[in-house]
Every structure is written in structure tokens, then in C-alpha cells.
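Asks: mmCIF, C-alpha atoms, file structure_13.cif:
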```
data_model
#
loop_
_atom_site.label_atom_id
_atom_site.label_comp_id
_atom_site.auth_asym_id
_atom_site.auth_seq_id
_atom_site.Cartn_x
_atom_site.Cartn_y
_atom_site.Cartn_z
CA MET A 980 67.39 102.15 126.55
CA SER A 981 70.84 103.65 126.96
CA ASP A 982 72.87 104.94 129.89
CA ASP A 983 75.51 107.59 130.45
CA LYS A 984 78.96 106.13 131.11
CA THR A 985 82.19 107.86 132.13
CA ILE A 986 85.49 107.00 130.47
CA ASP A 987 88.46 107.73 132.74
CA LYS A 988 91.41 108.65 130.51
CA THR A 989 93.83 108.36 133.42
CA LYS A 990 93.37 104.57 133.12
CA SER A 991 94.61 104.72 129.53
CA PRO A 992 98.16 103.50 128.85
CA LYS A 993 98.60 106.83 127.08
CA ALA A 994 98.07 108.70 130.38
CA GLY A 995 101.22 110.43 131.54
CA LEU A 996 102.34 111.41 128.04
CA ILE A 997 102.97 115.08 127.51
CA THR A 998 99.84 115.89 125.56
CA ASN A 999 97.73 118.87 124.83
CA THR A 1000 94.38 117.14 124.31
CA TYR A 1001 92.51 113.85 123.98
CA ASN A 1002 90.03 112.48 121.44
CA VAL A 1003 87.33 109.92 122.20
CA TYR A 1004 86.14 107.42 119.58
CA LYS A 1005 83.02 105.25 119.40
CA ASP A 1006 83.45 102.26 117.07
CA GLY A 1007 86.09 104.16 115.09
CA GLU A 1008 84.11 107.40 114.80
CA LYS A 1009 85.44 110.46 116.63
CA ILE A 1010 82.77 111.62 119.09
CA ALA A 1011 84.81 114.16 121.07
CA THR A 1012 87.93 116.13 120.28
CA GLY A 1013 90.21 118.60 122.01
CA LEU A 1014 89.45 117.33 125.51
CA THR A 1015 91.71 118.41 128.35
CA ASP A 1016 89.90 116.85 131.33
CA THR A 1017 90.87 113.37 132.54
CA GLN A 1018 87.28 112.09 132.33
CA TYR A 1019 84.64 112.18 129.63
CA THR A 1020 81.01 111.13 129.96
CA VAL A 1021 79.44 109.48 126.94
CA ALA A 1022 75.83 110.65 126.89
CA ASN A 1023 73.37 107.85 126.06
CA ALA A 1024 76.10 105.23 125.79
CA THR A 1025 75.28 102.28 123.56
CA SER A 1026 76.69 98.77 123.22
CA VAL A 1027 79.86 99.54 121.27
CA ARG A 1028 83.64 99.81 121.54
CA TYR A 1029 85.14 103.08 122.86
CA TYR A 1030 88.77 104.22 122.97
CA VAL A 1031 90.87 107.34 123.57
CA THR A 1032 93.80 108.90 121.69
CA ALA A 1033 96.27 111.53 122.86
CA VAL A 1034 97.11 114.54 120.68
CA ASP A 1035 100.36 116.44 121.21
CA GLY A 1036 99.58 119.28 118.79
CA ILE A 1037 101.41 117.60 115.90
CA SER A 1038 100.25 114.01 115.84
CA GLU A 1039 97.67 111.69 117.32
CA SER A 1040 98.65 108.54 119.22
CA ALA A 1041 97.33 105.10 118.42
CA GLU A 1042 94.23 104.06 120.30
CA SER A 1043 94.16 103.19 124.00
CA ASN A 1044 92.94 99.86 125.32
CA ALA A 1045 89.38 99.36 124.11
CA ILE A 1046 86.46 99.74 126.48
CA VAL A 1047 83.57 97.56 125.37
CA TYR A 1048 80.27 98.64 126.87
CA ASN A 1049 77.20 96.40 126.78
CA SER A 1050 74.15 98.34 127.94
CA GLY A 1051 72.17 95.15 128.54
CA VAL A 1052 74.77 93.85 131.00
CA ASP A 1053 74.76 96.89 133.31
CA GLY A 1054 78.12 98.40 132.59
CA ILE A 1055 81.46 97.88 130.95
CA ALA A 1056 81.70 94.32 129.73
CA ASN A 1057 85.41 94.22 129.10
CA ILE A 1058 88.55 96.30 128.87
CA ASP A 1059 90.60 94.75 126.12
CA ALA A 1060 94.09 94.58 127.63
CA ASN A 1061 95.34 92.84 124.51
CA ALA A 1062 94.26 95.63 122.18
CA ASN A 1063 96.97 96.95 119.92
CA ASN A 1064 98.40 100.00 121.71
CA PHE A 1065 101.08 101.95 119.93
CA THR A 1066 102.78 105.27 120.37
CA TYR A 1067 105.35 107.26 118.48
CA ASN A 1068 107.91 109.07 120.60
CA SER A 1069 109.15 112.00 118.48
CA THR A 1070 112.03 112.69 120.88
CA THR A 1071 113.58 109.23 120.53
CA GLN A 1072 112.03 108.70 117.07
CA THR A 1073 110.76 105.30 118.19
CA ILE A 1074 107.51 103.47 117.50
CA ASN A 1075 106.53 101.59 120.68
CA SER A 1076 104.10 98.70 121.13
CA ASN A 1077 102.69 97.10 124.27
CA VAL A 1078 103.21 93.68 122.63
CA ALA A 1079 105.52 92.13 120.04
CA ALA A 1080 104.28 93.17 116.61
CA ASN A 1081 105.12 93.21 112.92
CA ILE A 1082 105.81 96.85 112.00
CA ASN A 1083 106.02 98.21 108.45
CA VAL A 1084 106.83 101.83 107.66
CA TYR A 1085 105.85 103.32 104.27
CA THR A 1086 106.36 106.67 102.59
CA THR A 1087 103.22 108.51 101.53
CA SER A 1088 103.86 107.24 98.00
CA GLY A 1089 103.62 103.65 99.28
CA THR A 1090 107.30 102.68 99.26
CA LEU A 1091 108.19 100.27 102.09
CA VAL A 1092 111.18 101.82 103.90
CA LYS A 1093 111.37 99.70 107.06
CA CYS A 1094 110.03 96.25 107.93
CA THR A 1095 110.36 94.27 111.17
CA THR A 1096 108.74 91.24 112.77
CA GLU A 1097 107.93 90.44 116.38
CA VAL A 1098 109.37 93.59 117.99
CA SER A 1099 107.99 95.91 120.67
CA SER A 1100 109.84 99.01 119.47
CA LEU A 1101 111.30 100.32 116.24
CA ASN A 1102 113.69 103.26 115.89
CA ILE A 1103 113.22 105.29 112.70
CA SER A 1104 115.82 107.99 113.34
CA GLU A 1105 117.68 107.11 110.12
CA LEU A 1106 114.64 107.98 107.98
CA ALA A 1107 114.37 111.44 106.45
CA ASN A 1108 111.97 113.94 107.99
CA GLY A 1109 108.51 113.64 106.50
CA ILE A 1110 105.18 111.86 106.83
CA TYR A 1111 105.08 108.06 107.09
CA VAL A 1112 102.26 105.54 107.18
CA THR A 1113 102.94 102.71 109.62
CA THR A 1114 101.13 99.39 109.85
CA ILE A 1115 101.40 97.39 113.03
CA THR A 1116 100.09 93.83 113.03
CA VAL A 1117 99.46 91.62 116.07
CA ASN A 1118 97.69 88.26 115.78
CA GLY A 1119 96.32 89.15 112.35
CA ALA A 1120 94.83 92.48 113.48
CA THR A 1121 96.39 95.51 111.78
CA THR A 1122 96.42 99.08 113.04
CA THR A 1123 97.57 101.94 110.82
CA ILE A 1124 99.06 105.15 112.22
CA LYS A 1125 100.42 108.27 110.59
CA ILE A 1126 103.80 109.52 111.79
CA VAL A 1127 105.05 113.05 111.21
CA LYS A 1128 108.82 112.98 111.63
#
```
Translate the structure described by the file into C-alpha cells.

Replies:
Amino acid sequence: MSDDKTIDKTKSPKAGLITNTYNVYKDGEKIATGLTDTQYTVANATSVRYYVTAVDGISESAESNAIVYNSGVDGIANIDANANNFTYNSTTQTINSNVAANINVYTTSGTLVKCTTEVSSLNISELANGIYVTTITVNGATTTIKIVK
């Protein structure tokens, strides 16, 4: 048996960004896209991990804190405050993390162009305009984001 659950995007650390829309993911699979409301109801929610991303028309942010829903426990089991949360600010050309992380920036051809350890932000203004693949690692867990600069 499954329930409907509402995800409140205003609780996301990405709330407050200048964005056009939001996407909602269920265990890594996009289940809703182009949302403009601050809440989204997951019909027939199941015991999985949900998260939200912000889309500014050009790029998509890294995932919000995870919401882990266990239907057998009557509600949200846990909001993972330690989840890797990263954003790219195109105005300041800075990759920002909510925790100290190892950040590697690669060209689309796989060349490592910037590498740092244990930082919470990384300025990439000196890099040429283009598309970059960035890996951010915290406690052995790696998140990959695409940056359009």
C-alpha cells in the first residue's frame, strides 16, 4: 500500500535561488519537470529517496537534501542534512558546497583542469567559457554535475 506525500521545495537549501523551474527525482529518476509551484505531491509515494533540483533555464543545480520516505513507518523517515548539496553560481563563477569537499573540474574531453581538496567553494572564473564536468566528493560519496560557463 502506498500513500501520497507532499514535498515542500521551500525547505530545500536551493530555495531562494533565482530559478525558473524545479525538477523532482525519485531514486535518481526524474518524475516531474518544469515545476513552478513551491510544493509537489508525489502520488502513490513508495519507500525511496526523493530530492529536488532547481533549473535556471541554462543549467540544473545539484540535488537538494534527500527526503527518505518509508511507507511502512507512516511518513518521512529522515531528511538527510548531510547529503551532498552543491550549486554553481554563474554570476560569481563559483561552485559552492554545504560541506568541505574534494572538487575536480574536467573538460568534456576528460582533461582535469582544476583540483582541490577539503573546500566549500571553488572559483572557476579563470577557465575558458564552455561545458565542464565537475565531481564533488564528500566522505567517499561522489556527485557529478555539469557546468555551463

Asks: To one decimal place in Å, what is the distance between CA of Gly1089 (chain A) and CA of Val1112 (chain A)?

Replies: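 Value for the CA of Gly1089 (chain A)-CA of Val1112 (chain A) distance: 8.2 Å.
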
Asks: Go through the shown structure with the PyMOL selection byres ((chain A and resi 998-1014) around 7) and write out the matching residues as a PDB file with C-alpha atoms, in the frame of the given file.

Replies:
```pdb
ATOM      1  CA  LEU A 996     102.340 111.410 128.040  1.00  0.00           C
ATOM      2  CA  ILE A 997     102.970 115.080 127.510  1.00  0.00           C
ATOM      3  CA  THR A1015      91.710 118.410 128.350  1.00  0.00           C
ATOM      4  CA  ASP A1016      89.900 116.850 131.330  1.00  0.00           C
ATOM      5  CA  VAL A1027      79.860  99.540 121.270  1.00  0.00           C
ATOM      6  CA  ARG A1028      83.640  99.810 121.540  1.00  0.00           C
ATOM      7  CA  TYR A1029      85.140 103.080 122.860  1.00  0.00           C
ATOM      8  CA  TYR A1030      88.770 104.220 122.970  1.00  0.00           C
ATOM      9  CA  VAL A1031      90.870 107.340 123.570  1.00  0.00           C
ATOM     10  CA  THR A1032      93.800 108.900 121.690  1.00  0.00           C
ATOM     11  CA  ALA A1033      96.270 111.530 122.860  1.00  0.00           C
ATOM     12  CA  VAL A1034      97.110 114.540 120.680  1.00  0.00           C
ATOM     13  CA  ASP A1035     100.360 116.440 121.210  1.00  0.00           C
ATOM     14  CA  GLY A1036      99.580 119.280 118.790  1.00  0.00           C
TER      15      GLY A1036
END
```

Asks: Quick one: distance from CA of Val1117 (chain A) to CA of Asn1081 (chain A) in Å, one decimal?

Replies: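 CA of Val1117 (chain A) sits 6.7 Å away from CA of Asn1081 (chain A).
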
Asks: Expressed in Å to a single decimal, how great is the separation between CA of Ala1120 (chain A) and CA of Asn1108 (chain A)?

Replies: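 Interatomic distance here is 28.0 Å.
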
Asks: Can you work out which one of A:Thr1116, A:Asn1077, A:Ile1110, A:Lys1125 has the shortest atom-to-atom distance to Thr1096 (chain A), counting all atoms listed in the file?

Replies: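 That would be A:Thr1116, the residue with the smallest distance to Thr1096 (chain A).
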
Asks: So, counting all atoms listed in the file, which residue among A:Val1021, A:Ala1041, A:Val1078, A:Cys1094 is closest to Thr1066 (chain A)?

Replies: A:Ala1041

Asks: Kindly indicate which residue among A:Asn1118, A:Phe1065, A:Ile1126, A:Tyr1019 lies nearest to Ser1038 (chain A), using all atoms listed in the file for the distances.

Replies: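 Looking only at the distances to Ser1038 (chain A), the closest residue turns out to be A:Ile1126.
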
Asks: Nearest residue to Tyr1067 (chain A) out of A:Leu1106, A:Ile1124, A:Val1092, A:Val1098, using all atoms listed in the file?

Replies: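 Of A:Leu1106, A:Ile1124, A:Val1092, A:Val1098, the one nearest Tyr1067 (chain A), counting all atoms listed in the file, is A:Ile1124.
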
Asks: Given only C-alpha atoms as the basis, pick out the residue of A:Asn1023, A:Thr1122, A:Thr1114, A:Ser1100 nearest to Ala1079 (chain A).

Replies: A:Ser1100

Asks: Return the single residue from A:Thr1073, A:Ala1024, A:Ser1099, A:Ala1080 that is closest to Gly1119 (chain A), with distances computed using all atoms listed in the file.

Replies: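 Counting all atoms listed in the file, the residue closest to Gly1119 (chain A) is A:Ala1080.
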